[in-house]
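Enquirer: Below is the file coords07.cif, with mmCIF, C-alpha atoms and all ligand atoms.
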```cif
data_entry
loop_
_atom_site.label_atom_id
_atom_site.label_comp_id
_atom_site.auth_asym_id
_atom_site.auth_seq_id
_atom_site.Cartn_x
_atom_site.Cartn_y
_atom_site.Cartn_z
CA MET A 17 10.12 -7.03 -13.37
CA GLU A 18 11.57 -5.85 -10.03
CA GLY A 19 8.41 -6.78 -8.10
CA ILE A 20 10.51 -8.84 -5.71
CA ASP A 21 13.43 -7.59 -3.63
CA LEU A 22 16.20 -10.04 -4.47
CA LYS A 23 19.04 -8.15 -2.78
CA ASP A 24 21.22 -10.69 -0.95
CA ARG A 25 18.56 -13.37 -1.19
CA SER A 26 19.54 -16.95 -1.83
CA VAL A 27 18.13 -18.30 -5.10
CA ILE A 28 18.37 -21.53 -7.09
CA GLU A 29 17.33 -21.83 -10.72
CA LEU A 30 16.34 -25.23 -12.12
CA GLY A 31 16.68 -26.13 -15.81
CA ALA A 32 18.49 -22.87 -16.55
CA GLY A 33 19.29 -23.55 -20.23
CA THR A 34 21.13 -20.45 -21.44
CA GLY A 35 21.07 -19.02 -17.90
CA LEU A 36 19.22 -15.81 -18.78
CA LEU A 37 16.97 -15.87 -15.70
CA GLY A 38 19.82 -16.70 -13.32
CA ILE A 39 21.95 -13.94 -14.84
CA VAL A 40 19.18 -11.34 -14.44
CA VAL A 41 18.53 -12.45 -10.87
CA THR A 42 22.25 -12.12 -10.10
CA LEU A 43 22.23 -8.59 -11.59
CA LEU A 44 19.29 -7.82 -9.28
CA GLY A 45 21.49 -8.59 -6.26
CA ALA A 46 20.83 -12.22 -5.35
CA HIS A 47 23.25 -15.07 -4.66
CA VAL A 48 22.27 -17.61 -7.29
CA THR A 49 22.92 -21.30 -7.89
CA ILE A 50 22.22 -21.80 -11.58
CA THR A 51 21.57 -25.44 -12.44
CA ASP A 52 20.86 -27.78 -15.32
CA ARG A 53 21.76 -31.26 -16.55
CA ALA A 54 25.44 -32.12 -17.14
CA ALA A 55 25.11 -31.78 -20.92
CA ALA A 56 24.01 -28.14 -20.61
CA LEU A 57 26.66 -26.98 -18.14
CA GLU A 58 29.57 -25.99 -20.38
CA PHE A 59 27.47 -23.59 -22.46
CA LEU A 60 25.66 -22.38 -19.36
CA GLU A 61 28.90 -21.64 -17.51
CA SER A 62 30.36 -19.72 -20.44
CA ASN A 63 27.16 -17.69 -20.82
CA VAL A 64 27.11 -16.80 -17.14
CA GLN A 65 30.78 -15.78 -17.21
CA ALA A 66 30.30 -13.69 -20.38
CA ASN A 67 27.23 -11.83 -19.17
CA LEU A 68 28.09 -10.85 -15.62
CA PRO A 69 30.53 -8.11 -14.64
CA PRO A 70 33.58 -9.52 -12.82
CA GLU A 71 32.51 -8.15 -9.44
CA LEU A 72 29.20 -10.07 -9.58
CA ARG A 73 30.57 -13.38 -10.87
CA PRO A 74 31.24 -14.79 -7.38
CA ARG A 75 27.50 -14.42 -6.68
CA ALA A 76 26.54 -16.92 -9.42
CA VAL A 77 27.51 -20.58 -9.14
CA VAL A 78 26.77 -22.98 -12.00
CA LYS A 79 26.13 -26.52 -10.77
CA GLU A 80 24.74 -29.78 -12.11
CA LEU A 81 21.27 -30.63 -10.91
CA THR A 82 19.45 -33.35 -12.78
CA TRP A 83 16.01 -33.51 -11.20
CA GLY A 84 15.67 -36.30 -8.66
CA LYS A 85 19.39 -37.16 -8.76
CA ASP A 86 22.06 -36.61 -6.08
CA LEU A 87 19.82 -34.18 -4.22
CA ASP A 88 22.03 -34.49 -1.13
CA ASN A 89 24.45 -32.15 -2.95
CA PHE A 90 21.92 -29.39 -2.16
CA THR A 91 21.09 -28.44 1.42
CA PRO A 92 17.34 -28.58 2.06
CA GLY A 93 15.90 -25.21 2.90
CA ALA A 94 19.03 -23.27 1.86
CA PHE A 95 17.16 -21.12 -0.66
CA ASP A 96 14.73 -18.22 -0.30
CA PHE A 97 13.54 -18.70 -3.88
CA ILE A 98 13.43 -21.63 -6.30
CA LEU A 99 12.95 -20.43 -9.88
CA GLY A 100 12.12 -22.27 -13.08
CA ALA A 101 11.40 -20.84 -16.54
CA ASP A 102 9.72 -23.15 -19.02
CA ILE A 103 10.75 -26.35 -17.26
CA VAL A 104 7.33 -28.04 -17.15
CA TYR A 105 7.10 -29.85 -20.46
CA LEU A 106 8.39 -33.43 -20.17
CA GLU A 107 5.90 -35.71 -18.44
CA GLU A 108 8.56 -38.31 -17.69
CA THR A 109 10.38 -35.72 -15.53
CA PHE A 110 7.34 -34.49 -13.53
CA ALA A 111 7.83 -36.83 -10.55
CA GLU A 112 11.57 -36.06 -10.32
CA LEU A 113 10.99 -32.33 -10.69
CA LEU A 114 8.45 -32.44 -7.87
CA GLN A 115 10.81 -34.52 -5.72
CA THR A 116 13.50 -31.88 -6.32
CA LEU A 117 11.17 -29.03 -5.30
CA GLU A 118 10.17 -30.93 -2.15
CA HIS A 119 13.81 -31.56 -1.24
CA LEU A 120 14.90 -27.94 -1.71
CA CYS A 121 11.87 -26.26 -0.20
CA SER A 122 11.50 -25.17 3.43
CA GLU A 123 8.52 -23.44 5.04
CA ARG A 124 9.95 -20.04 4.06
CA THR A 125 10.94 -20.89 0.47
CA VAL A 126 8.98 -19.38 -2.40
CA ILE A 127 8.85 -21.36 -5.66
CA LEU A 128 8.16 -19.37 -8.84
CA LEU A 129 7.57 -21.24 -12.08
CA SER A 130 6.86 -19.56 -15.38
CA CYS A 131 5.03 -21.87 -17.75
CA ARG A 132 3.32 -21.89 -21.08
CA ILE A 133 0.56 -24.48 -20.86
CA ARG A 134 0.97 -26.22 -24.19
CA TYR A 135 -0.54 -29.63 -23.55
CA GLU A 136 -3.01 -31.41 -21.28
CA ARG A 137 -0.05 -33.08 -19.54
CA ASP A 138 1.26 -29.69 -18.34
CA LEU A 139 -1.97 -29.33 -16.34
CA LYS A 140 -1.22 -32.72 -14.83
CA PHE A 141 1.99 -31.28 -13.38
CA LEU A 142 0.05 -28.37 -11.86
CA LYS A 143 -2.35 -30.86 -10.26
CA MET A 144 0.61 -32.80 -8.81
CA LEU A 145 2.12 -29.52 -7.56
CA ARG A 146 -1.16 -28.51 -5.89
CA GLU A 147 -1.29 -31.86 -4.05
CA ARG A 148 1.98 -31.01 -2.28
CA PHE A 149 2.16 -27.22 -2.17
CA SER A 150 -0.09 -24.22 -1.80
CA VAL A 151 -0.20 -22.85 -5.36
CA SER A 152 -1.45 -19.57 -6.78
CA GLU A 153 -1.13 -17.88 -10.16
CA VAL A 154 0.62 -14.56 -9.59
CA HIS A 155 0.96 -13.30 -13.15
CA TYR A 156 -0.32 -13.99 -16.64
CA ASP A 157 1.21 -12.40 -19.73
CA SER A 158 -1.49 -12.73 -22.38
CA SER A 159 0.77 -11.43 -25.15
CA LYS A 160 3.14 -14.37 -24.62
CA ASP A 161 0.64 -16.76 -23.05
CA VAL A 162 2.94 -17.30 -20.08
CA HIS A 163 1.67 -18.03 -16.56
CA ILE A 164 3.72 -17.53 -13.41
CA TYR A 165 2.80 -19.82 -10.54
CA LYS A 166 3.91 -19.37 -6.97
CA ALA A 167 4.10 -22.41 -4.70
CA GLN A 168 4.87 -22.72 -1.01
CA ARG A 169 4.73 -25.48 1.54
CA GLY A 170 1.64 -25.62 3.70
CA SER A 171 -1.07 -23.03 3.47
CA ARG A 172 1.09 -19.87 3.71
CA ARG A 173 0.44 -17.32 1.00
CA ASP A 174 2.65 -14.47 2.14
CA ASP A 175 3.52 -11.59 -0.09
CA PHE A 176 7.13 -11.45 -1.27
C1 LIG A 201 12.68 -25.50 -22.39
S1 LIG A 201 14.25 -25.42 -21.67
C2 LIG A 201 14.14 -23.90 -20.71
C3 LIG A 201 15.49 -23.29 -20.49
C4 LIG A 201 15.49 -21.97 -19.74
N1 LIG A 201 14.96 -22.09 -18.41
C5 LIG A 201 14.73 -20.93 -20.51
O1 LIG A 201 13.69 -20.48 -20.07
O2 LIG A 201 15.20 -20.56 -21.60
C6 LIG A 201 14.15 -26.68 -20.39
C7 LIG A 201 15.44 -26.87 -19.61
O3 LIG A 201 15.21 -27.90 -18.63
C8 LIG A 201 16.35 -28.73 -18.60
N2 LIG A 201 15.96 -30.07 -18.17
C9 LIG A 201 15.15 -30.95 -18.82
N3 LIG A 201 15.06 -32.09 -18.13
C10 LIG A 201 15.82 -31.93 -17.01
C11 LIG A 201 16.12 -32.78 -15.92
N4 LIG A 201 15.63 -34.02 -15.84
N5 LIG A 201 16.92 -32.29 -14.96
C12 LIG A 201 17.41 -31.03 -15.04
N6 LIG A 201 17.17 -30.18 -16.05
C13 LIG A 201 16.38 -30.64 -17.04
C14 LIG A 201 16.88 -28.73 -20.02
O4 LIG A 201 18.26 -29.09 -20.07
C15 LIG A 201 16.63 -27.30 -20.45
O5 LIG A 201 17.72 -26.45 -20.19
#
```
Mind turning the file's structure into C-alpha cells?
Expert:
Amino acid sequence: MEGIDLKDRSVIELGAGTGLLGIVVTLLGAHVTITDRAAALEFLESNVQANLPPELRPRAVVKELTWGKDLDNFTPGAFDFILGADIVYLEETFAELLQTLEHLCSERTVILLSCRIRYERDLKFLKMLRERFSVSEVHYDSSKDVHIYKAQRGSRRDDF
C-alpha cells in the first residue's frame, strides 16, 4: 500500500508460497530474500523469475528456510524487515516460527505479519509473540478480515 519506504531496504519473507508479497516488495525497490520450505521452492523460483523484469531479478533471492532449521544460513540482524503473509496457522510450527523471528531480528528490525485469525490457536501464537516482542496491530482490513501486526524487539514502537 506504499505506506512504507522500501527503497534499498533489506527484506526477508517467510513462508512465501507463490511469492506474491516478495515480488511486490522487490518491485517497490527492496532487496528481498524470499523463503519457504524445500518443497515450495521450484514453483516459487519460477514465479519470481516470471514476474520480475530482468533488471530487478538480481534484487530477489529465493532460498530455503524451514522455520527453526539451519538458521545459521541467515545472518542475524541482516534484515530491516521480516514479512509474513498468512503464515500463522499451524500450531506445531509456532515455536519454530518464533525461534526464526528471534534469530533474524535485531533491535532495528521491523516484523510485519498479516494474519486472518481463524482459530483460537492463532491467538495463542499472538500471545507467544507478545511475550518476546513489542507487538501492535497496525492495520485491519474488515472486508477481508485480515490483521497486520507489527513486532519489534524491546519496547521500541518507532514509525516506519
Ligand atoms: C497459507 S500459505 C501462505 C503463502 C503466502 N505467504 C501467501 O500469502 O499466499 C503458508 C506458507 O507457509 C509455508 N510453511 C508452512 N510451514 C512452514 C515451515 N515449517 N517452514 C517454512 N515455511 C512453512 C508453506 O509452505 C506455505 O507456503
Enquirer: Select the residues contacting ligand LIG 201 (chain A) at a distance of at most 12 Å, based on all atoms listed in the file, then format the selection as a ChimeraX atom specification.
Expert: /A:28-39,50-60,79-87,99-117,129-132,134,162
Enquirer: What does the structure give for the distance between atom CA of Ile20 of chain A and atom CA of Phe141 of chain A, in Å to one decimal?
Expert: 25.2 Å
Enquirer: Nearest to Tyr165 of chain A among A:Leu128, A:Ala94, A:Val77, A:Leu142, with distances taken over only C-alpha atoms: which residue is it?
Expert: A:Leu128
Enquirer: From the options A:Val41, A:Val27, A:Leu120, A:Ile127, which residue's atoms come nearest to Glu153 of chain A, counting only C-alpha atoms?
Expert: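 The shortest atom-to-atom distance to Glu153 of chain A comes from A:Ile127.
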Enquirer: As an exercise, work out the distance from atom CA of Lys166 of chain A to atom CA of Gln65 of chain A in Å and give it to one decimal place.
Expert: 29.0 Å
Enquirer: Using only C-alpha atoms, which residue out of A:Ile133, A:Val151, A:Ala66, A:Met144 lies closest to His163 of chain A?
Expert: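 Using only C-alpha atoms, the shortest distance to His163 of chain A belongs to A:Ile133.
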Enquirer: Contacts of segment 69-73 of chain A at 12 Å or less, counting only C-alpha atoms, minus same-chain residues fewer than 2 places along, as a PDB file with C-alpha atoms, in the coordinates of the input?
Expert:
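See part30.pdb below for the written result:
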```pdb
ATOM      1  CA  ASP A  24      21.220 -10.690  -0.950  1.00  0.00           C
ATOM      2  CA  GLY A  38      19.820 -16.700 -13.320  1.00  0.00           C
ATOM      3  CA  ILE A  39      21.950 -13.940 -14.840  1.00  0.00           C
ATOM      4  CA  VAL A  40      19.180 -11.340 -14.440  1.00  0.00           C
ATOM      5  CA  VAL A  41      18.530 -12.450 -10.870  1.00  0.00           C
ATOM      6  CA  THR A  42      22.250 -12.120 -10.100  1.00  0.00           C
ATOM      7  CA  LEU A  43      22.230  -8.590 -11.590  1.00  0.00           C
ATOM      8  CA  LEU A  44      19.290  -7.820  -9.280  1.00  0.00           C
ATOM      9  CA  GLY A  45      21.490  -8.590  -6.260  1.00  0.00           C
ATOM     10  CA  ALA A  46      20.830 -12.220  -5.350  1.00  0.00           C
ATOM     11  CA  HIS A  47      23.250 -15.070  -4.660  1.00  0.00           C
ATOM     12  CA  VAL A  48      22.270 -17.610  -7.290  1.00  0.00           C
ATOM     13  CA  THR A  49      22.920 -21.300  -7.890  1.00  0.00           C
ATOM     14  CA  ILE A  50      22.220 -21.800 -11.580  1.00  0.00           C
ATOM     15  CA  GLU A  61      28.900 -21.640 -17.510  1.00  0.00           C
ATOM     16  CA  SER A  62      30.360 -19.720 -20.440  1.00  0.00           C
ATOM     17  CA  ASN A  63      27.160 -17.690 -20.820  1.00  0.00           C
ATOM     18  CA  VAL A  64      27.110 -16.800 -17.140  1.00  0.00           C
ATOM     19  CA  GLN A  65      30.780 -15.780 -17.210  1.00  0.00           C
ATOM     20  CA  ALA A  66      30.300 -13.690 -20.380  1.00  0.00           C
ATOM     21  CA  ASN A  67      27.230 -11.830 -19.170  1.00  0.00           C
ATOM     22  CA  ARG A  75      27.500 -14.420  -6.680  1.00  0.00           C
ATOM     23  CA  ALA A  76      26.540 -16.920  -9.420  1.00  0.00           C
ATOM     24  CA  VAL A  77      27.510 -20.580  -9.140  1.00  0.00           C
ATOM     25  CA  VAL A  78      26.770 -22.980 -12.000  1.00  0.00           C
TER      26      VAL A  78
END
```
Enquirer: Could you check which of A:Arg146, A:Arg25, A:His119, A:His155 is closest to Ala167 of chain A, using all atoms listed in the file?
Expert: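 Smallest distance to Ala167 of chain A is found for A:Arg146.
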Enquirer: What does the distance from atom CA of Asn89 of chain A to atom CA of Leu145 of chain A come to in Å, to one decimal?
Expert: 23.0 Å
Enquirer: Find, counting all atoms listed in the file, the residue in A:Arg137, A:Arg169, A:Lys143, A:Lys23 that gets nearest to Ser122 of chain A.
Expert: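 Distance minimum relative to Ser122 of chain A lands on A:Arg169.
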Enquirer: Determine, counting only C-alpha atoms, which protein, DNA and RNA residues have an atom within 9 Å of an atom of Gly170 of chain A; residues of the same chain fewer than 6 positions away are not included. Present the result as a CSV table (one decimal) with C-alpha atoms, in the frame of the given file.
Expert:
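out-v1.csv, freshly written:
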```
chain,number,residue,atom,x,y,z
A,123,GLU,CA,8.5,-23.4,5.0
A,148,ARG,CA,2.0,-31.0,-2.3
A,149,PHE,CA,2.2,-27.2,-2.2
A,150,SER,CA,-0.1,-24.2,-1.8
```
